[in-house]
$ cat start30.cif   # mmCIF, C-alpha atoms
data_coords
#
loop_
_atom_site.label_atom_id
_atom_site.label_comp_id
_atom_site.auth_asym_id
_atom_site.auth_seq_id
_atom_site.Cartn_x
_atom_site.Cartn_y
_atom_site.Cartn_z
CA MET A 209 11.34 25.75 -27.22
CA SER A 210 8.86 22.86 -26.87
CA ILE A 211 7.56 22.08 -23.39
CA LEU A 212 5.41 19.15 -24.55
CA VAL A 213 6.04 16.67 -27.35
CA GLY A 214 3.51 13.88 -27.94
CA ASN A 215 4.22 11.27 -30.54
CA ALA A 216 1.66 8.76 -31.92
CA LEU A 217 -0.43 8.81 -28.74
CA THR A 218 -2.90 5.95 -28.95
CA GLN A 219 -5.44 4.78 -26.40
CA TRP A 220 -7.60 1.67 -26.48
CA PHE A 221 -10.32 1.05 -23.90
CA GLY A 222 -10.96 -2.66 -24.34
CA ARG A 223 -11.91 -3.01 -28.00
CA GLU A 224 -12.71 0.64 -28.42
CA LEU A 225 -10.15 2.95 -29.95
CA ALA A 226 -10.41 6.28 -28.12
CA LEU A 227 -7.35 7.98 -29.55
CA GLU A 228 -5.37 7.05 -32.65
CA GLY A 229 -1.82 8.16 -33.25
CA VAL A 230 -2.12 11.78 -32.16
CA ASP A 231 1.03 13.88 -32.57
CA LEU A 232 1.31 17.15 -30.74
CA VAL A 233 4.08 19.68 -30.12
CA ILE A 234 3.45 22.62 -27.82
CA ASP A 235 5.90 25.45 -27.28
CA THR A 236 6.57 27.06 -23.92
CA GLY A 237 3.98 29.73 -23.19
CA GLU A 238 1.70 28.62 -26.01
CA HIS A 239 -2.07 28.31 -25.56
CA ILE A 240 -3.68 25.57 -27.63
CA ALA A 241 -7.35 24.62 -27.77
CA VAL A 242 -8.56 21.06 -28.39
CA LEU A 243 -11.89 20.97 -30.20
CA GLY A 244 -14.10 18.09 -31.17
CA ASP A 245 -17.56 16.62 -30.74
CA ASN A 246 -18.56 14.45 -27.79
CA GLY A 247 -16.57 11.21 -27.92
CA ALA A 248 -13.90 12.72 -30.17
CA GLY A 249 -11.18 11.85 -27.64
CA LYS A 250 -10.60 15.27 -26.03
CA THR A 251 -10.80 14.07 -22.44
CA THR A 252 -8.69 10.99 -23.19
CA LEU A 253 -6.00 13.16 -24.80
CA LEU A 254 -6.03 15.61 -21.91
CA ARG A 255 -5.83 12.84 -19.32
CA ILE A 256 -2.79 11.47 -21.14
CA LEU A 257 -1.18 14.92 -21.34
CA ALA A 258 -1.85 15.40 -17.62
CA THR A 259 -0.17 12.00 -16.99
CA ALA A 260 -3.37 10.78 -15.30
CA LEU A 261 -3.68 8.05 -17.95
CA ARG A 262 -0.89 6.00 -19.50
CA PRO A 263 -1.47 5.63 -23.26
CA THR A 264 -1.65 2.19 -24.83
CA SER A 265 1.19 3.26 -27.12
CA GLY A 266 3.08 6.39 -28.08
CA GLN A 267 5.54 8.66 -26.35
CA LEU A 268 5.06 11.82 -24.39
CA GLN A 269 7.78 14.18 -23.22
CA ILE A 270 7.11 17.10 -20.92
CA ALA A 271 9.87 19.58 -20.12
CA GLY A 272 12.34 17.15 -21.69
CA LEU A 273 11.36 14.28 -19.38
CA ASP A 274 9.59 11.06 -20.28
CA ALA A 275 6.12 11.84 -18.96
CA PHE A 276 5.41 8.33 -17.67
CA ARG A 277 8.78 7.23 -16.37
CA GLU A 278 9.36 10.55 -14.63
CA ARG A 279 5.75 11.14 -13.74
CA ARG A 280 6.36 12.07 -10.13
CA ARG A 281 9.02 14.62 -11.02
CA LEU A 282 6.60 16.30 -13.40
CA ARG A 283 3.86 16.82 -10.81
CA HIS A 284 5.25 20.26 -9.94
CA TYR A 285 5.06 21.35 -13.59
CA LEU A 286 1.48 20.26 -14.16
CA GLY A 287 -1.89 21.64 -13.18
CA TYR A 288 -4.99 19.74 -14.28
CA VAL A 289 -8.65 20.65 -14.21
CA ALA A 290 -10.54 17.45 -14.93
CA HIS A 291 -13.95 17.09 -16.51
CA SER A 292 -15.50 16.68 -13.06
CA PRO A 293 -14.48 19.07 -10.23
CA GLY A 294 -13.49 16.21 -7.87
CA LEU A 295 -13.91 18.16 -4.64
CA TYR A 296 -14.46 16.96 -1.09
CA PRO A 297 -18.12 17.81 -0.49
CA ALA A 298 -17.99 17.97 3.30
CA LEU A 299 -15.00 20.32 3.38
CA SER A 300 -15.26 24.05 2.88
CA ALA A 301 -13.81 25.74 -0.20
CA ALA A 302 -10.83 26.93 1.85
CA GLU A 303 -10.31 23.51 3.47
CA ASN A 304 -10.34 21.82 0.06
CA LEU A 305 -7.54 24.11 -1.09
CA GLU A 306 -5.60 23.96 2.19
CA PHE A 307 -5.56 20.17 1.95
CA PHE A 308 -4.02 20.39 -1.51
CA CYS A 309 -1.56 23.04 -0.26
CA ASP A 310 -0.31 20.40 2.21
CA LEU A 311 -0.02 17.79 -0.56
CA GLN A 312 1.68 20.22 -2.95
CA GLU A 313 3.91 21.45 -0.10
CA VAL A 314 3.08 25.08 -0.69
CA SER A 315 2.14 27.66 1.93
CA ARG A 316 -1.52 27.69 2.97
CA THR A 317 -1.61 31.40 2.14
CA ARG A 318 -1.72 30.25 -1.50
CA ALA A 319 -5.23 28.96 -0.82
CA GLU A 320 -6.43 32.49 0.01
CA GLU A 321 -4.68 33.92 -3.05
CA ALA A 322 -6.18 31.29 -5.35
CA LEU A 323 -9.67 31.82 -3.89
CA GLU A 324 -9.32 35.54 -4.50
CA LEU A 325 -8.17 34.99 -8.07
CA VAL A 326 -11.22 32.90 -8.91
CA GLY A 327 -13.60 35.17 -6.99
CA LEU A 328 -14.55 32.78 -4.19
CA THR A 329 -13.24 34.68 -1.15
CA SER A 330 -16.77 35.43 0.06
CA VAL A 331 -17.70 31.73 0.13
CA ALA A 332 -14.37 30.42 1.44
CA ARG A 333 -16.00 28.92 4.56
CA ARG A 334 -18.96 27.40 2.71
CA ARG A 335 -18.98 23.63 2.20
CA ALA A 336 -18.14 22.49 -1.34
CA ASP A 337 -21.47 20.66 -1.68
CA GLN A 338 -23.29 23.91 -0.93
CA LEU A 339 -21.57 25.77 -3.77
CA SER A 340 -23.20 26.18 -7.17
CA ARG A 341 -21.79 24.11 -10.07
CA GLY A 342 -20.06 27.20 -11.42
CA MET A 343 -18.45 27.93 -8.04
CA GLN A 344 -17.30 24.30 -7.78
CA GLN A 345 -15.68 24.66 -11.18
CA ARG A 346 -13.92 27.83 -10.03
CA LEU A 347 -12.71 25.96 -6.96
CA ALA A 348 -11.33 23.14 -9.14
CA ILE A 349 -9.49 25.76 -11.21
CA ALA A 350 -8.10 27.35 -8.03
CA ARG A 351 -6.87 23.94 -6.89
CA ALA A 352 -5.05 23.37 -10.19
CA ILE A 353 -3.08 26.62 -9.93
CA LEU A 354 -2.17 26.44 -6.22
CA HIS A 355 1.39 25.38 -6.95
CA GLU A 356 1.76 27.78 -9.92
CA PRO A 357 2.30 25.10 -12.56
CA ARG A 358 4.07 25.89 -15.82
CA LEU A 359 1.77 23.66 -17.86
CA LEU A 360 -1.97 23.84 -17.32
CA ILE A 361 -4.33 21.21 -18.75
CA LEU A 362 -7.95 22.37 -18.70
CA ASP A 363 -10.75 19.97 -19.65
CA GLU A 364 -13.82 22.07 -20.45
CA PRO A 365 -13.08 24.59 -17.70
CA ASP A 366 -15.76 26.94 -19.04
CA ALA A 367 -18.53 24.47 -18.11
CA SER A 368 -20.99 26.33 -15.83
CA LEU A 369 -18.61 29.25 -15.35
CA GLY A 370 -21.04 31.82 -16.65
CA ASP A 371 -20.55 35.03 -18.61
CA ASP A 372 -17.14 35.96 -17.25
CA ALA A 373 -15.56 32.58 -18.15
CA ALA A 374 -13.23 34.10 -20.74
CA GLU A 375 -12.09 36.84 -18.39
CA LEU A 376 -11.37 34.41 -15.56
CA LEU A 377 -9.58 31.94 -17.82
CA THR A 378 -7.47 34.71 -19.35
CA GLN A 379 -6.29 35.61 -15.86
CA VAL A 380 -5.64 32.00 -14.88
CA MET A 381 -3.82 31.16 -18.14
CA SER A 382 -1.59 34.20 -18.07
CA GLY A 383 2.13 33.28 -18.17
CA LYS A 384 1.48 29.55 -18.49
CA THR A 385 1.51 26.98 -21.27
CA VAL A 386 -2.08 25.82 -21.65
CA VAL A 387 -3.96 22.98 -23.33
CA LEU A 388 -7.68 23.69 -23.17
CA ALA A 389 -10.48 21.41 -24.34
CA THR A 390 -13.81 23.05 -25.02
CA HIS A 391 -16.96 22.85 -27.09
CA ASP A 392 -17.08 26.61 -27.33
CA HIS A 393 -15.35 27.61 -30.58
CA ALA A 394 -15.69 31.30 -29.83
CA LEU A 395 -13.99 30.88 -26.46
CA ALA A 396 -11.24 28.77 -28.02
CA ASN A 397 -10.72 31.46 -30.63
CA ARG A 398 -10.51 34.16 -28.04
CA LEU A 399 -8.10 32.37 -25.70
CA CYS A 400 -5.93 30.20 -27.94
CA PRO A 401 -4.06 31.20 -31.10
CA ARG A 402 -3.75 27.55 -32.17
CA THR A 403 -6.31 24.77 -32.28
CA LEU A 404 -6.15 20.99 -32.53
CA VAL A 405 -9.25 19.35 -33.92
CA LEU A 406 -10.12 15.76 -33.00
CA ARG A 407 -12.69 13.55 -34.69
CA HIS A 408 -13.36 9.93 -33.70
CA GLY A 409 -10.05 9.85 -31.83
CA ARG A 410 -8.01 11.08 -34.79
CA SER A 411 -6.28 14.39 -35.10
CA LEU A 412 -7.40 16.45 -38.07
CA GLY A 413 -4.31 18.57 -37.50
CA THR A 414 -3.67 21.90 -35.88
CA ALA A 415 -4.55 25.25 -37.36
CA THR A 416 -4.59 28.92 -36.57
CA ARG A 417 -7.88 30.37 -35.38
CA LEU A 418 -8.70 31.61 -38.90
CA HIS A 419 -8.61 28.12 -40.39
CA VAL A 420 -10.79 26.66 -37.67
CA VAL A 421 -13.39 29.36 -38.15
CA LYS A 422 -13.45 28.51 -41.86
CA MET B 210 8.16 16.14 0.82
CA ASN B 211 7.54 14.91 4.36
CA PRO B 212 5.50 11.68 4.06
CA PHE B 213 4.31 11.90 7.69
CA ARG B 214 2.85 15.35 7.03
CA VAL B 215 1.09 14.05 3.94
CA ALA B 216 -0.28 11.01 5.77
CA LEU B 217 -1.55 13.19 8.61
CA ALA B 218 -3.14 15.64 6.15
CA VAL B 219 -4.94 12.79 4.35
CA ALA B 220 -6.11 11.21 7.63
CA ARG B 221 -7.25 14.59 9.00
CA LYS B 222 -9.18 15.27 5.79
CA ASP B 223 -10.95 11.88 5.90
CA LEU B 224 -11.80 12.17 9.60
CA ARG B 225 -13.05 15.74 9.20
CA SER B 226 -15.30 14.61 6.33
CA GLU B 227 -16.64 11.75 8.48
CA TRP B 228 -17.18 14.07 11.46
CA ARG B 229 -19.23 16.44 9.30
CA THR B 230 -21.27 13.83 7.45
CA ARG B 231 -21.42 11.12 10.16
CA GLU B 232 -21.99 8.56 7.40
CA MET B 233 -19.98 5.68 8.76
CA VAL B 234 -19.43 5.52 12.53
CA PRO B 235 -23.07 5.67 13.69
CA ALA B 236 -24.06 3.04 11.13
CA LEU B 237 -21.14 0.79 12.05
CA ALA B 238 -21.79 1.19 15.77
CA GLN B 239 -25.43 0.19 15.25
CA PHE B 240 -24.30 -2.74 13.13
CA VAL B 241 -21.92 -4.14 15.75
CA VAL B 242 -24.51 -3.78 18.52
CA LEU B 243 -27.09 -5.56 16.36
CA ALA B 244 -24.59 -8.31 15.55
CA LEU B 245 -24.01 -8.86 19.27
CA LEU B 246 -27.73 -8.84 19.94
CA ILE B 247 -28.37 -11.44 17.22
CA GLY B 248 -25.47 -13.54 18.54
CA ASN B 249 -26.84 -13.30 22.06
CA PHE B 250 -30.28 -14.56 21.09
CA GLY B 251 -29.18 -16.92 18.32
CA PHE B 252 -26.75 -18.89 20.49
CA GLN B 253 -28.90 -19.10 23.62
CA ILE B 254 -26.11 -17.60 25.70
CA ASP B 255 -25.82 -18.50 29.38
CA SER B 256 -23.05 -18.25 31.96
CA ARG B 257 -21.60 -21.65 30.94
CA ASN B 258 -21.09 -21.04 27.22
CA ALA B 259 -20.67 -17.22 27.09
CA LEU B 260 -16.88 -17.29 27.30
CA THR B 261 -16.47 -19.77 24.44
CA ILE B 262 -18.96 -18.08 22.11
CA ALA B 263 -18.29 -14.38 22.80
CA PRO B 264 -14.83 -14.19 21.14
CA GLY B 265 -16.23 -15.68 17.93
CA ILE B 266 -19.08 -13.15 17.86
CA LEU B 267 -16.59 -10.35 18.59
CA TRP B 268 -14.42 -11.25 15.59
CA MET B 269 -17.39 -11.78 13.29
CA ALA B 270 -18.72 -8.30 14.11
CA LEU B 271 -15.27 -6.78 13.79
CA VAL B 272 -14.56 -8.40 10.42
CA PHE B 273 -17.82 -7.24 8.84
CA ALA B 274 -17.55 -3.75 10.33
CA GLY B 275 -13.98 -3.61 8.99
CA LEU B 276 -15.07 -4.58 5.50
CA VAL B 277 -17.52 -1.69 5.43
CA ALA B 278 -15.10 0.81 7.01
CA PHE B 279 -12.15 -0.05 4.77
CA GLY B 280 -14.28 -0.52 1.64
CA ARG B 281 -15.45 3.09 1.80
CA THR B 282 -11.93 4.57 2.01
CA PHE B 283 -11.28 4.63 -1.73
CA ALA B 284 -14.82 4.11 -3.02
CA ALA B 285 -15.78 7.59 -1.77
CA GLU B 286 -12.75 9.13 -3.50
CA ARG B 287 -13.70 7.40 -6.75
CA GLU B 288 -17.34 8.49 -6.52
CA GLN B 289 -16.28 12.09 -5.90
CA ALA B 290 -13.65 11.83 -8.67
CA SER B 291 -11.18 13.29 -6.18
CA LEU B 292 -8.60 10.48 -6.21
CA ASP B 293 -7.04 11.64 -9.48
CA ALA B 294 -6.59 15.14 -8.08
CA MET B 295 -4.84 13.74 -5.02
CA LEU B 296 -2.61 11.44 -7.09
CA MET B 297 -1.71 14.32 -9.42
CA THR B 298 0.17 15.99 -6.57
CA PRO B 299 3.83 15.20 -5.82
CA ALA B 300 2.75 13.51 -2.56
CA SER B 301 4.03 9.95 -2.17
CA PRO B 302 1.36 7.28 -2.87
CA VAL B 303 2.68 5.38 0.16
CA ALA B 304 2.00 8.42 2.37
CA ILE B 305 -1.48 8.80 0.87
CA PHE B 306 -2.13 5.11 1.50
CA ALA B 307 -0.87 5.41 5.09
CA GLY B 308 -3.14 8.39 5.70
CA LYS B 309 -6.18 6.55 4.35
CA ALA B 310 -5.34 3.47 6.46
CA LEU B 311 -4.85 5.63 9.56
CA ALA B 312 -8.23 7.32 9.13
CA ALA B 313 -10.02 4.00 8.48
CA SER B 314 -8.34 2.50 11.55
CA VAL B 315 -9.51 5.39 13.73
CA LEU B 316 -13.08 4.83 12.50
CA LEU B 317 -12.85 1.12 13.29
CA VAL B 318 -11.38 1.86 16.72
CA ALA B 319 -14.39 4.13 17.34
CA CYS B 320 -16.62 1.13 16.58
CA GLU B 321 -14.52 -1.07 18.83
CA ALA B 322 -15.11 1.46 21.61
CA VAL B 323 -18.81 0.57 21.28
CA LEU B 324 -18.28 -3.11 20.50
CA LEU B 325 -16.15 -4.13 23.48
CA PRO B 326 -18.33 -2.66 26.27
CA ALA B 327 -21.40 -4.00 24.44
CA LEU B 328 -19.82 -7.46 24.39
CA THR B 329 -19.38 -7.26 28.16
CA LEU B 330 -22.97 -6.08 28.53
CA PHE B 331 -24.54 -8.80 26.37
CA PHE B 332 -22.25 -11.74 27.19
CA GLY B 333 -20.93 -10.86 30.63
CA THR B 334 -17.34 -11.35 29.49
CA PRO B 335 -14.51 -9.49 31.24
CA LEU B 336 -13.30 -6.32 29.50
CA SER B 337 -9.59 -6.15 30.23
CA GLY B 338 -6.63 -4.26 28.85
CA GLU B 339 -5.43 -7.53 27.34
CA VAL B 340 -8.60 -7.90 25.26
CA VAL B 341 -8.35 -4.27 24.11
CA ALA B 342 -4.67 -4.73 23.19
CA ALA B 343 -5.42 -7.85 21.10
CA VAL B 344 -8.23 -6.11 19.22
CA LEU B 345 -6.14 -2.98 18.58
CA LEU B 346 -3.16 -5.01 17.34
CA ALA B 347 -5.39 -6.93 14.94
CA THR B 348 -6.89 -3.64 13.71
CA VAL B 349 -3.47 -2.43 12.51
CA GLY B 350 -2.81 -5.32 10.14
CA MET B 351 -6.44 -5.66 9.08
CA ALA B 352 -6.49 -1.95 8.19
CA ALA B 353 -3.32 -2.24 6.09
CA LEU B 354 -4.73 -5.16 4.09
CA GLY B 355 -8.30 -3.86 3.93
CA VAL B 356 -7.31 -0.43 2.64
CA MET B 357 -4.91 -1.97 0.11
CA PHE B 358 -7.62 -4.17 -1.39
CA ALA B 359 -10.12 -1.32 -1.18
CA ALA B 360 -7.72 0.72 -3.36
CA ILE B 361 -7.46 -2.15 -5.86
CA VAL B 362 -11.18 -2.88 -6.13
CA ALA B 363 -12.21 0.80 -6.18
CA ARG B 364 -11.46 0.71 -9.92
CA VAL B 365 -13.94 -2.07 -10.68
CA ARG B 366 -17.73 -2.16 -10.72
CA ALA B 367 -18.31 -5.21 -8.52
CA ARG B 368 -16.15 -3.85 -5.72
CA GLU B 369 -18.62 -4.72 -2.94
CA LEU B 370 -18.36 -8.38 -3.98
CA LEU B 371 -14.65 -8.45 -4.66
CA LEU B 372 -13.47 -6.78 -1.48
CA PRO B 373 -14.56 -9.59 0.91
CA LEU B 374 -13.35 -12.25 -1.52
CA LEU B 375 -9.86 -10.76 -1.59
CA THR B 376 -9.61 -9.52 1.96
CA LEU B 377 -11.16 -12.24 4.13
CA PRO B 378 -8.65 -15.01 3.30
CA LEU B 379 -5.77 -12.73 4.27
CA TRP B 380 -7.51 -11.64 7.47
CA ILE B 381 -7.68 -15.25 8.69
CA PRO B 382 -4.29 -15.06 10.47
CA PHE B 383 -5.52 -12.04 12.46
CA ILE B 384 -8.79 -13.77 13.31
CA VAL B 385 -6.97 -16.93 14.44
CA ALA B 386 -4.28 -15.16 16.50
CA GLY B 387 -6.67 -12.46 17.71
CA GLY B 388 -9.29 -15.05 18.65
CA GLN B 389 -6.75 -17.03 20.62
CA ALA B 390 -5.49 -13.88 22.39
CA VAL B 391 -9.01 -12.78 23.36
CA GLN B 392 -9.99 -16.27 24.53
CA SER B 393 -6.93 -16.60 26.76
CA ALA B 394 -7.44 -13.02 28.04
CA MET B 395 -10.96 -14.10 29.02
CA GLY B 396 -9.61 -17.03 31.00
CA LEU B 397 -9.86 -19.88 28.50
CA PRO B 398 -6.85 -22.13 27.81
CA GLY B 399 -4.13 -20.85 25.46
CA SER B 400 -1.05 -18.68 25.57
CA TYR B 401 -1.85 -14.96 25.44
CA GLN B 402 1.80 -13.99 24.95
CA GLU B 403 2.20 -16.34 22.00
CA ALA B 404 -0.94 -15.05 20.29
CA ILE B 405 0.06 -11.40 20.82
CA GLY B 406 3.53 -12.17 19.44
CA LEU B 407 1.90 -13.64 16.34
CA LEU B 408 -0.33 -10.59 15.93
CA ILE B 409 2.71 -8.29 16.11
CA ASP B 410 4.55 -10.43 13.53
CA PHE B 411 1.55 -10.34 11.17
CA ASP B 412 1.20 -6.58 11.67
CA ILE B 413 4.82 -5.97 10.72
CA LEU B 414 4.66 -8.34 7.75
CA PHE B 415 1.48 -6.91 6.24
CA VAL B 416 2.24 -3.25 6.98
CA VAL B 417 5.59 -3.63 5.18
CA LEU B 418 4.12 -5.60 2.25
CA THR B 419 1.17 -3.24 1.72
CA SER B 420 3.45 -0.18 1.94
CA LEU B 421 5.65 -1.67 -0.77
CA ALA B 422 2.64 -2.48 -2.94
CA ALA B 423 0.86 0.87 -2.36
CA ARG B 424 3.05 2.71 -4.86
CA PHE B 425 2.09 0.33 -7.66
CA VAL B 426 -1.58 0.11 -6.71
CA LEU B 427 -2.12 3.86 -6.48
CA ASP B 428 0.31 5.09 -9.09
CA GLU B 429 -0.88 2.89 -11.97
#

$ encode --input "start30.cif" --output "structure tokens"
Amino acid sequence: MSILVGNALTQWFGRELALEGVDLVIDTGEHIAVLGDNGAGKTTLLRILATALRPTSGQLQIAGLDAFRERRRLRHYLGYVAHSPGLYPALSAAENLEFFCDLQEVSRTRAEEALELVGLTSVARRRADQLSRGMQQRLAIARAILHEPRLLILDEPDASLGDDAAELLTQVMSGKTVVLATHDHALANRLCPRTLVLRHGRSLGTATRLHVVK
Amino acid sequence: MNPFRVALAVARKDLRSEWRTREMVPALAQFVVLALLIGNFGFQIDSRNALTIAPGILWMALVFAGLVAFGRTFAAEREQASLDAMLMTPASPVAIFAGKALAASVLLVACEAVLLPALTLFFGTPLSGEVVAAVLLATVGMAALGVMFAAIVARVRARELLLPLLTLPLWIPFIVAGGQAVQSAMGLPGSYQEAIGLLIDFDILFVVLTSLAARFVLDE
């Protein structure tokens, strides 16, 4: 059963075409990687799929709901790790997550669990601006899974994560439908059975890992 | 989802960040004291003209301090790229807006706590409960409008220019009614009750209007 159906998703930024008629169907529990060079439209596509950006044209359904008309109802389904961590620098790692627990209306104990999952328990009381870039990225991932979303949109989550990126992401992605954008073909191959390739905002189609390697 | 809980969480987060960084309040407090000092020397204040000039200086300082305080509310979120994360939660945009406005108001009230005694010190004007009430009532409506326009202009590059252009014309009613209330509280002619009534009316009007608009401003 499909959890996400995107049809002719197109995005213009002024006179610049960032995404042109991308179709995408993702089944429940599927992990799909989005590959492409810089400027290929990966972040734009992921922002649309995360309902953070309304496309210029095209339709998007998530869990059977119109993703833009029913955007608020879909917030519980979606977890999004953006290109930039987007943390509050003066708050500690734990305070960052506790704030989002309040907004997501989940118990604050979820903050501790998420910190443990991403390996940040030892720095829970350290301010976000005193964390390394890799730790900040882990914290952003922890924030995205606080409310245990069914659909996880990850925009280059492996950036600065270090050697155990694949291991951490495998844990985080377990049991969820995932769309993951990355430059790392090997990582995409390891984590996602299917791949969508973008070039200059156009989809070159989806393929199994074997085809992409070729 | 309880919107009051969300608003309080947002306000608490903003105030905690300000407490740790101390970016805004010390700078604003210095600014208002300097504004009073410049006004004091620039207008050649003496006991005869202090009462007529002081309310004008008070509102000038308050307006410019407000522009800085409210302008930072959403600009900081944009710079940190944290606004998207907040808006991706199921929390109501109106509650998020209310929380931001509450935090910005508290920061401005902290500046007013420096401004009003300093006004008395520099101009020798009486500091009464009536003056404080007028300033606090004006702060409510000014915060609602200021934070709303701060949210709108946070998306554009020339936000520092646009914010005063959009906000100041709509703050005029508060400056007029607030100025009249402060003048009559200081013993000059004019009806204090009438001015306070106007301030309350403007507060209700703009708090309701900005709450209705917040959903569209933040959600789109």

$ interface_residues --input "start30.cif" --of "chain A" --to "chain B" --cutoff "12 Å" --atoms "all atoms listed in the file" --output "JSON list (two decimals) with C-alpha atoms, in the frame of the given file"
[["chain", "number", "residue", "atom", "x", "y", "z"],
["A", 255, "ARG", "CA", -5.83, 12.84, -19.32],
["A", 257, "LEU", "CA", -1.18, 14.92, -21.34],
["A", 258, "ALA", "CA", -1.85, 15.40, -17.62],
["A", 259, "THR", "CA", -0.17, 12.00, -16.99],
["A", 260, "ALA", "CA", -3.37, 10.78, -15.30],
["A", 261, "LEU", "CA", -3.68, 8.05, -17.95],
["A", 262, "ARG", "CA", -0.89, 6.00, -19.50],
["A", 263, "PRO", "CA", -1.47, 5.63, -23.26],
["A", 276, "PHE", "CA", 5.41, 8.33, -17.67],
["A", 277, "ARG", "CA", 8.78, 7.23, -16.37],
["A", 278, "GLU", "CA", 9.36, 10.55, -14.63],
["A", 279, "ARG", "CA", 5.75, 11.14, -13.74],
["A", 280, "ARG", "CA", 6.36, 12.07, -10.13],
["A", 281, "ARG", "CA", 9.02, 14.62, -11.02],
["A", 282, "LEU", "CA", 6.60, 16.30, -13.40],
["A", 283, "ARG", "CA", 3.86, 16.82, -10.81],
["A", 284, "HIS", "CA", 5.25, 20.26, -9.94],
["A", 285, "TYR", "CA", 5.06, 21.35, -13.59],
["A", 286, "LEU", "CA", 1.48, 20.26, -14.16],
["A", 287, "GLY", "CA", -1.89, 21.64, -13.18],
["A", 288, "TYR", "CA", -4.99, 19.74, -14.28],
["A", 289, "VAL", "CA", -8.65, 20.65, -14.21],
["A", 290, "ALA", "CA", -10.54, 17.45, -14.93],
["A", 291, "HIS", "CA", -13.95, 17.09, -16.51],
["A", 292, "SER", "CA", -15.50, 16.68, -13.06],
["A", 293, "PRO", "CA", -14.48, 19.07, -10.23],
["A", 294, "GLY", "CA", -13.49, 16.21, -7.87],
["A", 295, "LEU", "CA", -13.91, 18.16, -4.64],
["A", 296, "TYR", "CA", -14.46, 16.96, -1.09],
["A", 297, "PRO", "CA", -18.12, 17.81, -0.49],
["A", 298, "ALA", "CA", -17.99, 17.97, 3.30],
["A", 299, "LEU", "CA", -15.00, 20.32, 3.38],
["A", 300, "SER", "CA", -15.26, 24.05, 2.88],
["A", 303, "GLU", "CA", -10.31, 23.51, 3.47],
["A", 304, "ASN", "CA", -10.34, 21.82, 0.06],
["A", 305, "LEU", "CA", -7.54, 24.11, -1.09],
["A", 306, "GLU", "CA", -5.60, 23.96, 2.19],
["A", 307, "PHE", "CA", -5.56, 20.17, 1.95],
["A", 308, "PHE", "CA", -4.02, 20.39, -1.51],
["A", 309, "CYS", "CA", -1.56, 23.04, -0.26],
["A", 310, "ASP", "CA", -0.31, 20.40, 2.21],
["A", 311, "LEU", "CA", -0.02, 17.79, -0.56],
["A", 312, "GLN", "CA", 1.68, 20.22, -2.95],
["A", 313, "GLU", "CA", 3.91, 21.45, -0.10],
["A", 314, "VAL", "CA", 3.08, 25.08, -0.69],
["A", 335, "ARG", "CA", -18.98, 23.63, 2.20],
["A", 336, "ALA", "CA", -18.14, 22.49, -1.34],
["A", 337, "ASP", "CA", -21.47, 20.66, -1.68],
["A", 348, "ALA", "CA", -11.33, 23.14, -9.14],
["A", 349, "ILE", "CA", -9.49, 25.76, -11.21],
["A", 351, "ARG", "CA", -6.87, 23.94, -6.89],
["A", 352, "ALA", "CA", -5.05, 23.37, -10.19],
["A", 353, "ILE", "CA", -3.08, 26.62, -9.93],
["A", 354, "LEU", "CA", -2.17, 26.44, -6.22],
["A", 355, "HIS", "CA", 1.39, 25.38, -6.95],
["A", 357, "PRO", "CA", 2.30, 25.10, -12.56],
["A", 361, "ILE", "CA", -4.33, 21.21, -18.75]]

$ residues_around --input "start30.cif" --residues "Thr329 of chain B" --least-positions-apart "3" --cutoff "12 Å" --atoms "only C-alpha atoms" --output "PyMOL selection string"
chain B and resi 242+245-246+249+259-260+263-264+266-267+322-326+332-337+340+395

$ write_last_selection --input "start30.cif" --atoms "C-alpha atoms" --output "compact mmCIF listing (two decimals), in the coordinates of the input"
# COMPACT_ATOMS: atom_id res chain seq x y z
CA VAL B 242 -24.51 -3.78 18.52
CA LEU B 245 -24.01 -8.86 19.27
CA LEU B 246 -27.73 -8.84 19.94
CA ASN B 249 -26.84 -13.30 22.06
CA ALA B 259 -20.67 -17.22 27.09
CA LEU B 260 -16.88 -17.29 27.30
CA ALA B 263 -18.29 -14.38 22.80
CA PRO B 264 -14.83 -14.19 21.14
CA ILE B 266 -19.08 -13.15 17.86
CA LEU B 267 -16.59 -10.35 18.59
CA ALA B 322 -15.11 1.46 21.61
CA VAL B 323 -18.81 0.57 21.28
CA LEU B 324 -18.28 -3.11 20.50
CA LEU B 325 -16.15 -4.13 23.48
CA PRO B 326 -18.33 -2.66 26.27
CA PHE B 332 -22.25 -11.74 27.19
CA GLY B 333 -20.93 -10.86 30.63
CA THR B 334 -17.34 -11.35 29.49
CA PRO B 335 -14.51 -9.49 31.24
CA LEU B 336 -13.30 -6.32 29.50
CA SER B 337 -9.59 -6.15 30.23
CA VAL B 340 -8.60 -7.90 25.26
CA MET B 395 -10.96 -14.10 29.02

$ closest_residue --input "start30.cif" --among "B:Val356, B:Ile409, B:Val416, B:Val385" --to "Leu372 of chain B" --atoms "all atoms listed in the file"
B:Val356

$ atom_distance --input "start30.cif" --atom1 "atom CA of Ala248 of chain A" --atom2 "atom CA of Leu406 of chain A"
5.6 Å

$ residues_around --input "start30.cif" --residues "Thr385 of chain A" --least-positions-apart "6" --cutoff "10 Å" --atoms "only C-alpha atoms" --output "VMD selection string"
chain A and resid 211 to 212 234 to 240 286 357 to 361

$ closest_residue --input "start30.cif" --among "B:Pro382, B:Pro398, B:Gly338, B:Gly251" --to "Gly350 of chain B" --atoms "only C-alpha atoms"
B:Pro382
